[in-house]
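Undergrad: One structure coming up, written as structure tokens, with questions to follow.
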Amino acid sequence: MKKNFMISTMLVTSFCSMPSVAWADGESGSVGLQEIVVTAQRKSESAQKAAVPIDVISQAALANAGVTSVNNLNTVAPALTVAQGGGSTTSFFLRGVGNYNNNGYSDSAVAFNLDGIYIAKPSAAGSFYDLQRVEVLKGPQGTLYGRNATGGAINVIPQHPIIGQNSLDLTLGYGNYNRIEAEAAANLAVGDNSALRVSGRIQRSDGYNADGTDDSNAKAVRVQFLTKPAPGVSLRLSADYTNIGGMGAGQAYNGSFQYTPGTPQTASSPADYSYVPVNLAARSGLLTTQARDYFSKLVIGGSFNNPAPLATPKLNDNIWGVHGELNIDTGIGQITSITAYRKAVLDDLYNGPSFSGSYDQQHDTQFSSEIRLNGKRIGIFDWLVGGFYMDEKLSGNAVYAQYVLSSIQDYRQDSRSTATFGRIVANLTPRLRLTAAGRYTWDRKRFDGTAISLLNICTNAPPPNGPGCFGGPSLPVGDTLASIAAAIPASQLPFGFPPAAGAANARPFGSAGNILFYSPTDVDQTQKNSKFTYRLGAEADIAADSLAYVSYETGYRSGGFSLSLGHESYLPETIRAWTVGLKNRFFNRRLQVNIELFDWRYSNQRISHFGLDSNGQTSFFADNAGASHIRGVDLDVQVKATDTLLLTGTVQYLDNKLTEFTYSTPAGGTNLPPVVGCPYTPGTNAQGAVYLVNCAGKPGLNSPKWSINGGFEQTFHLGDYDLALSAQGRYRSNAVDGFDYLVQQNTGANFSVDAAIRFGSAQGAWNVTFWGRNLTNTLIPVLTTYNSSVAGVLTTSYAPPRTYGVRFSGKF
């Protein structure tokens with residue numbers, strides 16, 4: 001790694017020594033790379049003049065890459081990994097900073113902002129359509145944005161109404177898997193100083209998996225009104241609605257681990273276990289006849305019987321919001337006020353790794369308000385001050401039915417975040433600037449929840465030495481305790497179920513030797529956190545089109561709660577980040593070379609895992625178990641080789657190593673050792689026998705060492721028409737996509753190619769595009785999960801297979 005940093009430093013030094021070439025870039029009449037305007041620093045500026053690490057993706061690039069939601073944004077942002085879990089749960093990892101969100105009441109490590117509004121739950125963001133661009137900011141966001149984040153921020157900026165313009169943009173498309181897409185945006189002039197914009201999108205496709213999962217079914221609409229009633233005053237009102245249906249994310253079985261005492265450790269299995277791969281197609285899903293047959297023969301550890309069938313998943317998510325943005329120019333600067341109200345209602349039934357879960361009418365409402373003053377320069381100082389307030393209320397029912405252990409949860413969470421922030425820039429010379437920014441945040445969370453745990457235990461000796469409890473009941477899936485009880489045959493229902501308060505919590509379950517334990521958990525806690533985060537930076541225009549910058553910044557993510565006795569809460573996590581960067585354009589702005597070196601220290605890293613609660617029962621909770629050292633180099637190159645040929649390439653080298661990562665996991669059955677790819681030692685705590693797992697030294701999750709994108713676009717002018725050919729290749733080296741660090745949770749290196757042929761009018765009035773994505777049909781694992789409850793089975797979710805289609809776009 002030291003060698004790589006030395007090479008990168010030499011590259012930066014060599015670029016810095018070329019001012020004479022860079023000064024020639026600004027010659028008039030040059031036909032170079034286009035400028036991209038961003039608002040990442042709460043002001044409009046060229047991306048090349050923004051002294052922050054940022055990826056900017058235009059609407060055209062999003063369309064070509066097929067990015068229609070947050071779930072496939074990683075295809076155009078090399079530093080980002082997006083994993084979709086059960087239902088509509090979405091997890092972001094940016095350079096390995098993140099965690100798998102396993103419930104509805106945890107926060108994301110990467111802030112998601114839609115039209116300047118922080119969205120507390122990214123799954124409630126809706127579809128991507130009628131956009132200006134998407135900005136992916138890499139590194140902690142602890143000063144200017146609505147909510148703190150340790151990993152970075154994703155800013156989704158829609159097209160705004162244009163005063164004085166009447167236009168209609170229309171897109172229609174069809175592809176394999178019966179993919180249908182339709183998008184429209186109408187801009188209407190309303191008098192001389194106002195405009196209305198109405199846009200919407202419909203998208204449907206069959207599932208990529210044989211059982212119909214990994215499908216899409218979404219429709220969305222947005223209405224905006226912009227008025228400028230007086231000079232220096234503008235008001236924009238917006239309302240949007242999205243419905244997401246279908247079956248949702250799917251998975252496929254990989255195989256299972258069988259406990260065989262004395263078995264030596266192998267490349268594919270820990271000691272005392274044998275890995276037995278399954279003979280099913282990777283895209284079979286969990287619900288085909290063959291997959292159901294395989295699942296029905298698995299053995300549930302603890303209850304030692306066979307599982308009940310998995311449920312058929314469904315999504316029914318309704319998301320809407322309204323907000324207003326007011327801008328007023330005053331004698332001391334521009335005042336901006338953004339006030340928003342958003343609501344999401346999730347009604348999902350999904351399958352996880354050999355278990356079923358559901359969100360039953362989970363309601364998430366949030367009110368937020370931000371006001372800031374971007375002041376006029378005072379002497380050499382540019383300055384900005386502001387304040388932010390958010391109140392999020394979450395309530396719902398969730399069930400995690402893992403057959404040996406089911407958790408029926410009812411919860412309410414009230415999260416309030418208040419912050420003041422400011423930034424000052426000292427313009428020491430026309431070329432040299434120093435920046436200091438800070439933010440003080442007060443977070444208050446109150447959680448009130450109840451979890452009823454049902455534990456199904458066999459009293460007979462386990463196989464192969466005993467009969468187990470085969471033929472006995474398996475815990476069924478249900479939205480509530482009553483619905484689960486109703487699904488259990490009367491002859492098997494435990495007497496007096498559920499037991500009255502204070503009654504014995506164990507009941508005979510069926511006639512095969514099972515015992516059903518009933519354990520309620522109540523959590524009613526309040527957590528208050530406050531933190532000052534800051535950014536210090538220096539930037540210099542070393543040439544007309546060359547910007548060098550260095551920054552040190554800190555980030556923080558608020559703590560939270562788990563429905564587990566003894567593990568009710570976890571602490572905030574923090575990050576410290578150094579960044580050194582250089583942004584250049586050479587040769588009449590035909591060549592762009594941007595390079596960034598980063599060094600991050602990630603502390604109190606949050607993880608979620610199974611453990612023992614204070615009653616000695618198996619529980620699932622989050623705690624602060626890790627720390628990481630993350631460093632690397634990011635190189636971005638664009639070449640306008642001719643007036644009609646554009647070449648692009650990005651390379652990220654990432655070294656993400658866990659410096660700490662320890663947790664305890666309960667000993668299974670008769671003190672069975674854990675199935676993990678990390679060293680462990682047996683131990684005990686006050687609740688019972690455990691194993692202490694230590695993954696220090698392992699790479700961080702979702703952190704490929706190499707992420708490389710490269711592509712071209714060649715345009716041919718044919719009289720009144722243009723023909724454009726484009727292709728984009730993506731390479732990712734191996735990464736770990738599962739918490740247990742098993743060899744099966746290595747993605748392996750993968751390479752995929754997208755391509756498109758576009759033909760249309762030279763004036764851009766219309767075009768027809770034939771597109772193909774993942775033309776290599778590469779099988780790319782996204783999330784591989786191990787379930788110790790059901791025969792140690794492994795399941796994997798995959799990125800989309802080869803897709804192709806045709807799309808018509810017109811401007812009227």
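Residues in the structure tokens are named by chain (A, B, ... in the order shown) and by number from 1 within that chain; ligands are numbered from 1 in the order shown.
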Just the residues within 10 Å of Gln638 in chain A, please, counting only C-alpha atoms, with nothing from its chain fewer than 2 positions along; format it as a PyMOL selection string.
TA: chain A and resi 33+585+589-594+636+640-641+646-650+710-712
Undergrad: Would you save the residues of that selection, restricted to N, CA and C atoms, as a PDB file, in the first residue's frame?
TA:
ATOM      1  N   LEU A  33     -14.380  19.442 -23.282  1.00  0.00           N
ATOM      2  CA  LEU A  33     -15.346  18.767 -22.420  1.00  0.00           C
ATOM      3  C   LEU A  33     -16.340  19.771 -21.856  1.00  0.00           C
ATOM      4  N   ARG A 585      -7.672  20.124 -16.318  1.00  0.00           N
ATOM      5  CA  ARG A 585      -8.036  20.016 -17.727  1.00  0.00           C
ATOM      6  C   ARG A 585      -6.885  20.586 -18.555  1.00  0.00           C
ATOM      7  N   ARG A 589      -9.035  21.964 -22.927  1.00  0.00           N
ATOM      8  CA  ARG A 589     -10.068  21.260 -22.163  1.00  0.00           C
ATOM      9  C   ARG A 589     -10.546  19.981 -22.847  1.00  0.00           C
ATOM     10  N   ARG A 590      -9.663  19.380 -23.602  1.00  0.00           N
ATOM     11  CA  ARG A 590      -9.980  18.090 -24.218  1.00  0.00           C
ATOM     12  C   ARG A 590      -9.576  16.914 -23.325  1.00  0.00           C
ATOM     13  N   LEU A 591      -8.693  17.141 -22.392  1.00  0.00           N
ATOM     14  CA  LEU A 591      -8.230  16.087 -21.492  1.00  0.00           C
ATOM     15  C   LEU A 591      -8.517  16.500 -20.053  1.00  0.00           C
ATOM     16  N   GLN A 592      -9.205  15.628 -19.330  1.00  0.00           N
ATOM     17  CA  GLN A 592      -9.480  15.867 -17.914  1.00  0.00           C
ATOM     18  C   GLN A 592      -8.843  14.736 -17.104  1.00  0.00           C
ATOM     19  N   VAL A 593      -8.058  15.122 -16.113  1.00  0.00           N
ATOM     20  CA  VAL A 593      -7.410  14.158 -15.229  1.00  0.00           C
ATOM     21  C   VAL A 593      -7.629  14.629 -13.794  1.00  0.00           C
ATOM     22  N   ASN A 594      -8.439  13.879 -13.057  1.00  0.00           N
ATOM     23  CA  ASN A 594      -8.685  14.169 -11.651  1.00  0.00           C
ATOM     24  C   ASN A 594      -8.144  13.015 -10.819  1.00  0.00           C
ATOM     25  N   ASP A 636      -9.799   9.697 -12.205  1.00  0.00           N
ATOM     26  CA  ASP A 636     -10.853   9.877 -13.207  1.00  0.00           C
ATOM     27  C   ASP A 636     -10.250  10.576 -14.424  1.00  0.00           C
ATOM     28  N   LYS A 640     -11.613  14.071 -24.774  1.00  0.00           N
ATOM     29  CA  LYS A 640     -12.354  14.428 -25.981  1.00  0.00           C
ATOM     30  C   LYS A 640     -11.367  14.256 -27.141  1.00  0.00           C
ATOM     31  N   ALA A 641     -11.195  12.995 -27.585  1.00  0.00           N
ATOM     32  CA  ALA A 641     -10.161  12.670 -28.562  1.00  0.00           C
ATOM     33  C   ALA A 641     -10.371  13.408 -29.869  1.00  0.00           C
ATOM     34  N   LEU A 646     -15.583  10.615 -27.404  1.00  0.00           N
ATOM     35  CA  LEU A 646     -15.326  10.832 -25.985  1.00  0.00           C
ATOM     36  C   LEU A 646     -14.892   9.507 -25.361  1.00  0.00           C
ATOM     37  N   LEU A 647     -13.759   9.543 -24.657  1.00  0.00           N
ATOM     38  CA  LEU A 647     -13.247   8.388 -23.924  1.00  0.00           C
ATOM     39  C   LEU A 647     -13.304   8.698 -22.435  1.00  0.00           C
ATOM     40  N   THR A 648     -13.749   7.732 -21.627  1.00  0.00           N
ATOM     41  CA  THR A 648     -13.849   7.943 -20.181  1.00  0.00           C
ATOM     42  C   THR A 648     -13.255   6.756 -19.448  1.00  0.00           C
ATOM     43  N   GLY A 649     -12.743   7.015 -18.267  1.00  0.00           N
ATOM     44  CA  GLY A 649     -12.203   5.946 -17.448  1.00  0.00           C
ATOM     45  C   GLY A 649     -12.073   6.372 -15.999  1.00  0.00           C
ATOM     46  N   THR A 650     -12.398   5.484 -15.073  1.00  0.00           N
ATOM     47  CA  THR A 650     -12.195   5.729 -13.647  1.00  0.00           C
ATOM     48  C   THR A 650     -11.544   4.499 -13.046  1.00  0.00           C
ATOM     49  N   GLY A 710     -14.524   1.912 -17.758  1.00  0.00           N
ATOM     50  CA  GLY A 710     -13.956   2.504 -18.959  1.00  0.00           C
ATOM     51  C   GLY A 710     -14.947   2.444 -20.100  1.00  0.00           C
ATOM     52  N   GLY A 711     -14.984   3.487 -20.924  1.00  0.00           N
ATOM     53  CA  GLY A 711     -15.948   3.482 -22.008  1.00  0.00           C
ATOM     54  C   GLY A 711     -15.643   4.520 -23.069  1.00  0.00           C
ATOM     55  N   PHE A 712     -16.493   4.523 -24.092  1.00  0.00           N
ATOM     56  CA  PHE A 712     -16.347   5.498 -25.173  1.00  0.00           C
ATOM     57  C   PHE A 712     -17.724   5.822 -25.727  1.00  0.00           C
TER      58      PHE A 712
END
Undergrad: For Leu692 in chain A, find every residue with an atom within 6 Å (counting only C-alpha atoms), except residues of its own chain fewer than 6 positions away, and show them as a list in words.
TA: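 Within the cut-off, the hits are Tyr663, Ser664, Tyr680 and Thr681 of chain A.
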Undergrad: Write out as a PyMOL selection string the residues lying within 8 Å of His629 in chain A, counting only C-alpha atoms and excluding same-chain residues fewer than 5 positions away.
TA: chain A and resi 599-602+655-659
Undergrad: Would you mind listing what lies within 7 Å of range 317-319 of chain A as a PyMOL selection string, with only C-alpha atoms counted and same-chain residues fewer than 6 positions away left out?
TA: chain A and resi 124+126+241-245+343-347
Undergrad: Only C-alpha atoms, please: the residues just picked out, written as an mmCIF file, in the first residue's frame.
TA:
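As written to disk, out.cif reads:
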data_model
loop_
_atom_site.group_PDB
_atom_site.id
_atom_site.type_symbol
_atom_site.label_atom_id
_atom_site.label_comp_id
_atom_site.auth_asym_id
_atom_site.auth_seq_id
_atom_site.Cartn_x
_atom_site.Cartn_y
_atom_site.Cartn_z
ATOM 1 C CA ALA A 124 -38.784 5.738 0.786
ATOM 2 C CA GLY A 126 -39.174 6.580 -4.831
ATOM 3 C CA TYR A 241 -46.099 10.251 -5.240
ATOM 4 C CA THR A 242 -44.616 6.804 -5.869
ATOM 5 C CA ASN A 243 -46.072 3.316 -5.642
ATOM 6 C CA ILE A 244 -43.767 0.283 -5.673
ATOM 7 C CA GLY A 245 -45.270 -3.165 -6.093
ATOM 8 C CA LYS A 343 -44.723 9.940 4.350
ATOM 9 C CA ALA A 344 -44.102 6.323 3.439
ATOM 10 C CA VAL A 345 -46.402 3.388 4.146
ATOM 11 C CA LEU A 346 -44.768 -0.007 3.616
ATOM 12 C CA ASP A 347 -46.749 -3.230 3.461
#
Undergrad: Ranking A:Val793, A:Ile484, A:Leu475, A:Leu718 by minimum distance to Phe759 in chain A and counting only C-alpha atoms, which one comes first?
TA: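 Result for the nearest residue to Phe759 in chain A: A:Leu718.
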Undergrad: Among range 149-277 of chain A, which ones does DSSP assign to strand (DSSP E) (computed from the backbone)? Answer as a PyMOL selection string.
TA: chain A and resi 152-158+167-175+179-190+194-205+216-230+233-244+252-259+273-277
Undergrad: Just write the chosen residues, C-alpha atoms, as a tab-separated table (two decimals), in the first residue's frame.
TA:
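Done, and the output landed in part15.tsv:
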chain	number	residue	atom	x	y	z
A	152	GLY	CA	-21.00	10.11	2.20
A	153	ALA	CA	-24.09	11.53	0.54
A	154	ILE	CA	-26.22	10.88	-2.52
A	155	ASN	CA	-27.89	14.00	-3.91
A	156	VAL	CA	-30.69	13.43	-6.40
A	157	ILE	CA	-31.61	16.66	-8.19
A	158	PRO	CA	-34.72	16.67	-10.40
A	167	SER	CA	-42.21	21.70	-23.89
A	168	LEU	CA	-42.93	18.00	-23.65
A	169	ASP	CA	-40.28	15.31	-23.18
A	170	LEU	CA	-41.43	11.76	-23.84
A	171	THR	CA	-39.68	8.40	-23.49
A	172	LEU	CA	-41.14	4.99	-24.36
A	173	GLY	CA	-39.30	1.69	-24.18
A	174	TYR	CA	-39.57	-2.07	-24.32
A	175	GLY	CA	-37.06	-4.79	-23.45
A	179	ARG	CA	-39.80	-4.61	-19.60
A	180	ILE	CA	-42.08	-1.65	-20.26
A	181	GLU	CA	-41.09	1.92	-19.46
A	182	ALA	CA	-42.82	5.20	-20.12
A	183	GLU	CA	-41.69	8.60	-18.91
A	184	ALA	CA	-43.04	12.05	-19.66
A	185	ALA	CA	-42.32	15.61	-18.52
A	186	ALA	CA	-44.38	18.62	-19.51
A	187	ASN	CA	-43.15	22.16	-18.85
A	188	LEU	CA	-45.81	24.88	-19.13
A	189	ALA	CA	-45.24	28.64	-18.99
A	190	VAL	CA	-47.68	30.38	-16.64
A	194	SER	CA	-44.09	31.37	-13.45
A	195	ALA	CA	-43.97	27.82	-14.77
A	196	LEU	CA	-45.52	24.44	-14.05
A	197	ARG	CA	-43.75	21.12	-14.58
A	198	VAL	CA	-45.51	17.75	-14.43
A	199	SER	CA	-43.52	14.54	-14.84
A	200	GLY	CA	-44.10	10.87	-14.29
A	201	ARG	CA	-42.78	7.39	-14.92
A	202	ILE	CA	-44.15	3.86	-15.21
A	203	GLN	CA	-41.89	0.83	-15.23
A	204	ARG	CA	-42.69	-2.88	-15.17
A	205	SER	CA	-40.70	-6.00	-15.85
A	216	SER	CA	-40.16	-4.34	-10.97
A	217	ASN	CA	-43.52	-2.61	-10.84
A	218	ALA	CA	-43.39	1.10	-10.09
A	219	LYS	CA	-45.26	4.24	-11.00
A	220	ALA	CA	-44.49	7.79	-9.93
A	221	VAL	CA	-45.57	11.36	-10.57
A	222	ARG	CA	-44.16	14.77	-9.59
A	223	VAL	CA	-45.76	18.22	-9.89
A	224	GLN	CA	-43.76	21.44	-9.44
A	225	PHE	CA	-44.71	25.09	-9.61
A	226	LEU	CA	-42.08	27.85	-9.80
A	227	THR	CA	-42.76	31.54	-9.56
A	228	LYS	CA	-40.53	34.63	-9.40
A	229	PRO	CA	-42.93	37.36	-8.27
A	230	ALA	CA	-40.24	40.01	-7.81
A	233	VAL	CA	-37.38	36.28	-5.09
A	234	SER	CA	-38.32	32.75	-6.17
A	235	LEU	CA	-40.70	30.17	-4.73
A	236	ARG	CA	-40.91	26.56	-5.86
A	237	LEU	CA	-43.59	24.17	-4.61
A	238	SER	CA	-43.36	20.43	-5.26
A	239	ALA	CA	-45.45	17.33	-4.62
A	240	ASP	CA	-44.63	13.74	-5.58
A	241	TYR	CA	-46.10	10.25	-5.24
A	242	THR	CA	-44.62	6.80	-5.87
A	243	ASN	CA	-46.07	3.32	-5.64
A	244	ILE	CA	-43.77	0.28	-5.67
A	252	ALA	CA	-31.13	-18.41	-4.70
A	253	TYR	CA	-29.76	-21.28	-2.63
A	254	ASN	CA	-26.01	-21.89	-2.68
A	255	GLY	CA	-25.74	-24.83	-0.31
A	256	SER	CA	-25.55	-25.63	3.39
A	257	PHE	CA	-23.10	-26.49	6.14
A	258	GLN	CA	-23.45	-29.85	7.90
A	259	TYR	CA	-21.94	-30.41	11.34
A	273	TYR	CA	-18.35	-28.63	9.13
A	274	SER	CA	-18.83	-29.90	5.61
A	275	TYR	CA	-20.15	-27.58	2.90
A	276	VAL	CA	-22.66	-29.26	0.60
A	277	PRO	CA	-23.43	-27.19	-2.51
Undergrad: Env of Gly566 in chain A: 8 Å cut, atoms = only C-alpha atoms, seq-sep filter 2 positions within chain, self excluded. Answer as a PyMOL selection string.
TA: chain A and resi 564+568+613-614
Undergrad: Determine which residues of range 461-634 of chain A receive a DSSP assignment of helix (DSSP H, G or I), computed from the backbone, and state them as a PDB file with all heavy atoms, in the first residue's frame.
TA:
ATOM      1  N   LEU A 481     -48.965 -12.138  16.609  1.00  0.00           N
ATOM      2  CA  LEU A 481     -48.980 -13.353  17.413  1.00  0.00           C
ATOM      3  C   LEU A 481     -50.282 -14.118  17.204  1.00  0.00           C
ATOM      4  O   LEU A 481     -50.295 -15.350  17.115  1.00  0.00           O
ATOM      5  CB  LEU A 481     -48.802 -12.993  18.892  1.00  0.00           C
ATOM      6  CG  LEU A 481     -48.710 -14.170  19.857  1.00  0.00           C
ATOM      7  CD1 LEU A 481     -47.481 -15.005  19.547  1.00  0.00           C
ATOM      8  CD2 LEU A 481     -48.659 -13.666  21.299  1.00  0.00           C
ATOM      9  N   ALA A 482     -51.377 -13.373  17.064  1.00  0.00           N
ATOM     10  CA  ALA A 482     -52.672 -14.030  16.867  1.00  0.00           C
ATOM     11  C   ALA A 482     -52.710 -14.776  15.542  1.00  0.00           C
ATOM     12  O   ALA A 482     -53.225 -15.898  15.467  1.00  0.00           O
ATOM     13  CB  ALA A 482     -53.799 -12.998  16.934  1.00  0.00           C
ATOM     14  N   SER A 483     -52.161 -14.180  14.485  1.00  0.00           N
ATOM     15  CA  SER A 483     -52.199 -14.848  13.187  1.00  0.00           C
ATOM     16  C   SER A 483     -51.273 -16.060  13.171  1.00  0.00           C
ATOM     17  O   SER A 483     -51.549 -17.056  12.500  1.00  0.00           O
ATOM     18  CB  SER A 483     -51.804 -13.868  12.072  1.00  0.00           C
ATOM     19  OG  SER A 483     -50.457 -13.432  12.219  1.00  0.00           O
ATOM     20  N   ILE A 484     -50.156 -15.997  13.903  1.00  0.00           N
ATOM     21  CA  ILE A 484     -49.286 -17.168  14.004  1.00  0.00           C
ATOM     22  C   ILE A 484     -49.986 -18.282  14.768  1.00  0.00           C
ATOM     23  O   ILE A 484     -49.967 -19.449  14.362  1.00  0.00           O
ATOM     24  CB  ILE A 484     -47.949 -16.782  14.685  1.00  0.00           C
ATOM     25  CG1 ILE A 484     -47.133 -15.895  13.742  1.00  0.00           C
ATOM     26  CG2 ILE A 484     -47.147 -18.012  15.076  1.00  0.00           C
ATOM     27  CD1 ILE A 484     -45.847 -15.397  14.327  1.00  0.00           C
ATOM     28  N   ALA A 485     -50.642 -17.924  15.876  1.00  0.00           N
ATOM     29  CA  ALA A 485     -51.367 -18.929  16.648  1.00  0.00           C
ATOM     30  C   ALA A 485     -52.489 -19.551  15.823  1.00  0.00           C
ATOM     31  O   ALA A 485     -52.750 -20.758  15.898  1.00  0.00           O
ATOM     32  CB  ALA A 485     -51.923 -18.298  17.928  1.00  0.00           C
ATOM     33  N   ALA A 486     -53.141 -18.718  14.991  1.00  0.00           N
ATOM     34  CA  ALA A 486     -54.240 -19.233  14.174  1.00  0.00           C
ATOM     35  C   ALA A 486     -53.749 -20.217  13.127  1.00  0.00           C
ATOM     36  O   ALA A 486     -54.501 -21.080  12.672  1.00  0.00           O
ATOM     37  CB  ALA A 486     -54.981 -18.073  13.515  1.00  0.00           C
ATOM     38  N   ALA A 487     -52.477 -20.077  12.719  1.00  0.00           N
ATOM     39  CA  ALA A 487     -51.926 -20.966  11.693  1.00  0.00           C
ATOM     40  C   ALA A 487     -51.418 -22.280  12.257  1.00  0.00           C
ATOM     41  O   ALA A 487     -51.056 -23.182  11.504  1.00  0.00           O
ATOM     42  CB  ALA A 487     -50.794 -20.251  10.949  1.00  0.00           C
TER      43      ALA A 487
END
Undergrad: Could you list, as a list in words, every residue within 12 Å of Tyr741 in chain A, counting only C-alpha atoms and ignoring same-chain residues fewer than 5 positions away?
TA: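 Non-adjacent residues within range: Ser268, Ser269, Pro270, Phe661, Pro674, Val675, Val676, Gly677, Cys678, Pro679, Val693, Asn694, Cys695, Ala696, Gly697, Lys698, Pro699, Gly700, Leu701, Asn702, Ala735, Val736, Asn746, Thr747, Leu783, Thr784, Thr785 and Tyr786 of chain A.
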